[in-house]
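Colleague: One structure follows; several queries about it will come next.
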Amino acid sequence: MKLTVLSDNYTYIDRYFLGEPALSFYIEEGDERILFDTGYSDSVIFNAEKMGIDLSNLTAIVLSHGHNDHTRGLSYLWDKYDLTGVKLIAHPLAFVKKRYLGELIGAPFTRAECERHGLQLIDGSKPVRISERLLFLGGIPRVTSFEAKNPLGEYESDGSWIKDDLQDDSAMVYEGEQGLFLITGCSHSGICNMILYACELAKTEVTTGVIGGFHLMEENEQLEQTVRFLKDHTSGKLYPCHCVSLKAKHHMMKELPVEEVGVGMELVIH
Ligand SMILES: [Zn+2]
Ligand SMILES: [Zn+2]
């Protein structure tokens, strides 16, 4: 599997890609060409063109969850490319209206609009097999005592607003020769919950690595417990990005092999 970072908060010096507080990875695996999250703006298109990546022939688009820093870029993609027949894998709750402090922060489109643009919607509430080695996890069971405890804003259901615990939030796992490699969006469900579920589905105990948002900002009990968990359940390098603060990265680096991530980074996983 080859993964290229198309959108992230961080950009490298001397490489003139666009950064934004968002996330998008381009993944090639066998015959599949997958966009995992779409970023916030059209910077994904700008960056892909500059990298020589052709987004006109994607086979699947995966949305980790509905927040607009992961989904809003999709509307720029269908303005530019014909997405007819491209699979769109997402939890149904990724399409509901979401708000935080009075601002709409959910996907700026409905399921019907996606269908109108020719996308083939696939229900991501349960695990979805994308290729022989790639699996979308679907709804993540929340089993750890220290994660996913605080709702983030609200979502709309039948005209009323309900506290949003991001049940739509999921991840993708690559089942490689060397083991499991997890690809996350924001990890609102909890990075440890995601690792546990991926291991359960693949009937294994550890992941070889993780890339994506870990949603860790503060130096607190959750961070301590997460570091302890990762030491036991990961065997290779970690690539925390997007929604991981410098403080959290610094804390993790004392005990774990943490690598820097930026737009344009390529990762080949076996
Ligand atoms: Zn989010
Ligand atoms: Zn995010």
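We name chains A, B, ... following the order of the structure tokens; residues begin at 1 in each chain, and ligands are numbered from 1 as shown.
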With only C-alpha atoms as the counted atoms, please give the residues lying no more than 10 Å from Asp82 of chain A, apart from itself and same-chain residues fewer than 3 positions off, as a CSV table (one decimal) with C-alpha atoms, in the first residue's frame.

Modeller:
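In the end it all went to part_1.csv:
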```
chain,number,residue,atom,x,y,z
A,55,LEU,CA,-7.8,12.3,-8.8
A,56,SER,CA,-10.0,11.8,-11.9
A,57,ASN,CA,-9.9,8.0,-11.7
A,58,LEU,CA,-10.6,7.3,-8.0
A,77,LEU,CA,-13.9,17.3,-6.3
A,78,TRP,CA,-17.3,16.8,-7.9
A,79,ASP,CA,-17.1,20.3,-9.4
A,85,GLY,CA,-19.7,5.1,-10.1
A,86,VAL,CA,-17.0,6.0,-7.4
A,117,HIS,CA,-23.2,13.5,-8.4
A,118,GLY,CA,-23.1,9.8,-9.3
A,119,LEU,CA,-21.4,8.5,-6.2
```

Colleague: Could you list, as a list in words, all protein and nucleic acid residues with an atom at most 9 Å from ligand 2, counting only C-alpha atoms and all ligand atoms?

Modeller: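 Checking only C-alpha atoms and all ligand atoms against ligand 2 at 9 Å gives Pro21, Ala22, Leu23, Gly39, His65, His67, Asn68, Asp69, His70, Gly185, Cys186, Ser187, His188, Gly213, His215, His242 and Cys243 of chain A.
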
Colleague: Which residue out of A:Ile45, A:Leu152, A:Ile34, A:Ile122 has the minimum interatomic distance to ligand 1 when only C-alpha atoms and all ligand atoms are used?

Modeller: A:Leu152

Colleague: Can you pull out the residues contacting Gly264 of chain A? Cut-off 7 Å, using only C-alpha atoms, and skip same-chain residues under 2 positions away; I want them as a list in words.

Modeller: Thr4, Val5, Leu6, Gly262 and Glu266 of chain A

Colleague: Can you tell me, as an mmCIF file with N, CA and C atoms, in the first residue's frame, which residues in segment 63-142 of chain A count as helix (DSSP H, G or I) by DSSP?

Modeller:
```cif
data_model
loop_
_atom_site.group_PDB
_atom_site.id
_atom_site.type_symbol
_atom_site.label_atom_id
_atom_site.label_comp_id
_atom_site.auth_asym_id
_atom_site.auth_seq_id
_atom_site.Cartn_x
_atom_site.Cartn_y
_atom_site.Cartn_z
ATOM 1 N N ASN A 68 -16.455 18.953 8.771
ATOM 2 C CA ASN A 68 -16.157 19.559 7.476
ATOM 3 C C ASN A 68 -14.664 19.648 7.143
ATOM 4 N N ASP A 69 -13.792 19.497 8.140
ATOM 5 C CA ASP A 69 -12.358 19.492 7.816
ATOM 6 C C ASP A 69 -11.941 18.160 7.165
ATOM 7 N N HIS A 70 -12.882 17.216 7.100
ATOM 8 C CA HIS A 70 -12.621 15.913 6.462
ATOM 9 C C HIS A 70 -13.508 15.679 5.234
ATOM 10 N N THR A 71 -14.573 16.479 5.105
ATOM 11 C CA THR A 71 -15.578 16.196 4.065
ATOM 12 C C THR A 71 -15.793 17.330 3.056
ATOM 13 N N GLY A 73 -14.044 19.149 1.194
ATOM 14 C CA GLY A 73 -13.328 19.098 -0.081
ATOM 15 C C GLY A 73 -14.049 18.294 -1.148
ATOM 16 N N LEU A 74 -14.979 17.427 -0.738
ATOM 17 C CA LEU A 74 -15.679 16.586 -1.718
ATOM 18 C C LEU A 74 -16.444 17.421 -2.741
ATOM 19 N N SER A 75 -17.012 18.548 -2.300
ATOM 20 C CA SER A 75 -17.792 19.361 -3.238
ATOM 21 C C SER A 75 -16.903 19.987 -4.325
ATOM 22 N N TYR A 76 -15.631 20.239 -4.003
ATOM 23 C CA TYR A 76 -14.700 20.739 -5.031
ATOM 24 C C TYR A 76 -14.338 19.615 -5.998
ATOM 25 N N LEU A 77 -14.267 18.398 -5.458
ATOM 26 C CA LEU A 77 -13.909 17.258 -6.319
ATOM 27 C C LEU A 77 -14.992 17.002 -7.352
ATOM 28 N N TRP A 78 -16.281 17.046 -6.922
ATOM 29 C CA TRP A 78 -17.315 16.753 -7.926
ATOM 30 C C TRP A 78 -17.556 17.929 -8.865
ATOM 31 N N ASP A 79 -17.108 19.129 -8.471
ATOM 32 C CA ASP A 79 -17.145 20.253 -9.426
ATOM 33 C C ASP A 79 -16.125 20.041 -10.551
ATOM 34 N N LYS A 80 -15.015 19.400 -10.237
ATOM 35 C CA LYS A 80 -13.916 19.283 -11.210
ATOM 36 C C LYS A 80 -13.908 17.948 -11.952
ATOM 37 N N PRO A 92 -23.810 6.522 8.008
ATOM 38 C CA PRO A 92 -24.964 7.397 7.700
ATOM 39 C C PRO A 92 -24.972 8.687 8.528
ATOM 40 N N LEU A 93 -24.463 8.652 9.764
ATOM 41 C CA LEU A 93 -24.461 9.864 10.598
ATOM 42 C C LEU A 93 -23.404 10.886 10.161
ATOM 43 N N ALA A 94 -22.566 10.513 9.188
ATOM 44 C CA ALA A 94 -21.597 11.483 8.657
ATOM 45 C C ALA A 94 -22.292 12.543 7.796
ATOM 46 N N PHE A 95 -23.558 12.302 7.440
ATOM 47 C CA PHE A 95 -24.267 13.233 6.547
ATOM 48 C C PHE A 95 -25.253 14.137 7.281
ATOM 49 N N ARG A 111 -26.817 13.129 1.609
ATOM 50 C CA ARG A 111 -26.606 11.867 0.879
ATOM 51 C C ARG A 111 -27.160 11.986 -0.538
ATOM 52 N N ALA A 112 -28.348 12.652 -0.643
ATOM 53 C CA ALA A 112 -29.001 12.786 -1.956
ATOM 54 C C ALA A 112 -28.106 13.554 -2.928
ATOM 55 N N GLU A 113 -27.449 14.601 -2.427
ATOM 56 C CA GLU A 113 -26.537 15.376 -3.302
ATOM 57 C C GLU A 113 -25.379 14.502 -3.790
ATOM 58 N N CYS A 114 -24.872 13.666 -2.892
ATOM 59 C CA CYS A 114 -23.772 12.763 -3.277
ATOM 60 C C CYS A 114 -24.256 11.824 -4.381
ATOM 61 N N GLU A 115 -25.465 11.314 -4.225
ATOM 62 C CA GLU A 115 -26.015 10.396 -5.237
ATOM 63 C C GLU A 115 -26.236 11.122 -6.560
ATOM 64 N N ARG A 116 -26.686 12.372 -6.464
ATOM 65 C CA ARG A 116 -26.888 13.165 -7.692
ATOM 66 C C ARG A 116 -25.594 13.338 -8.479
#
```
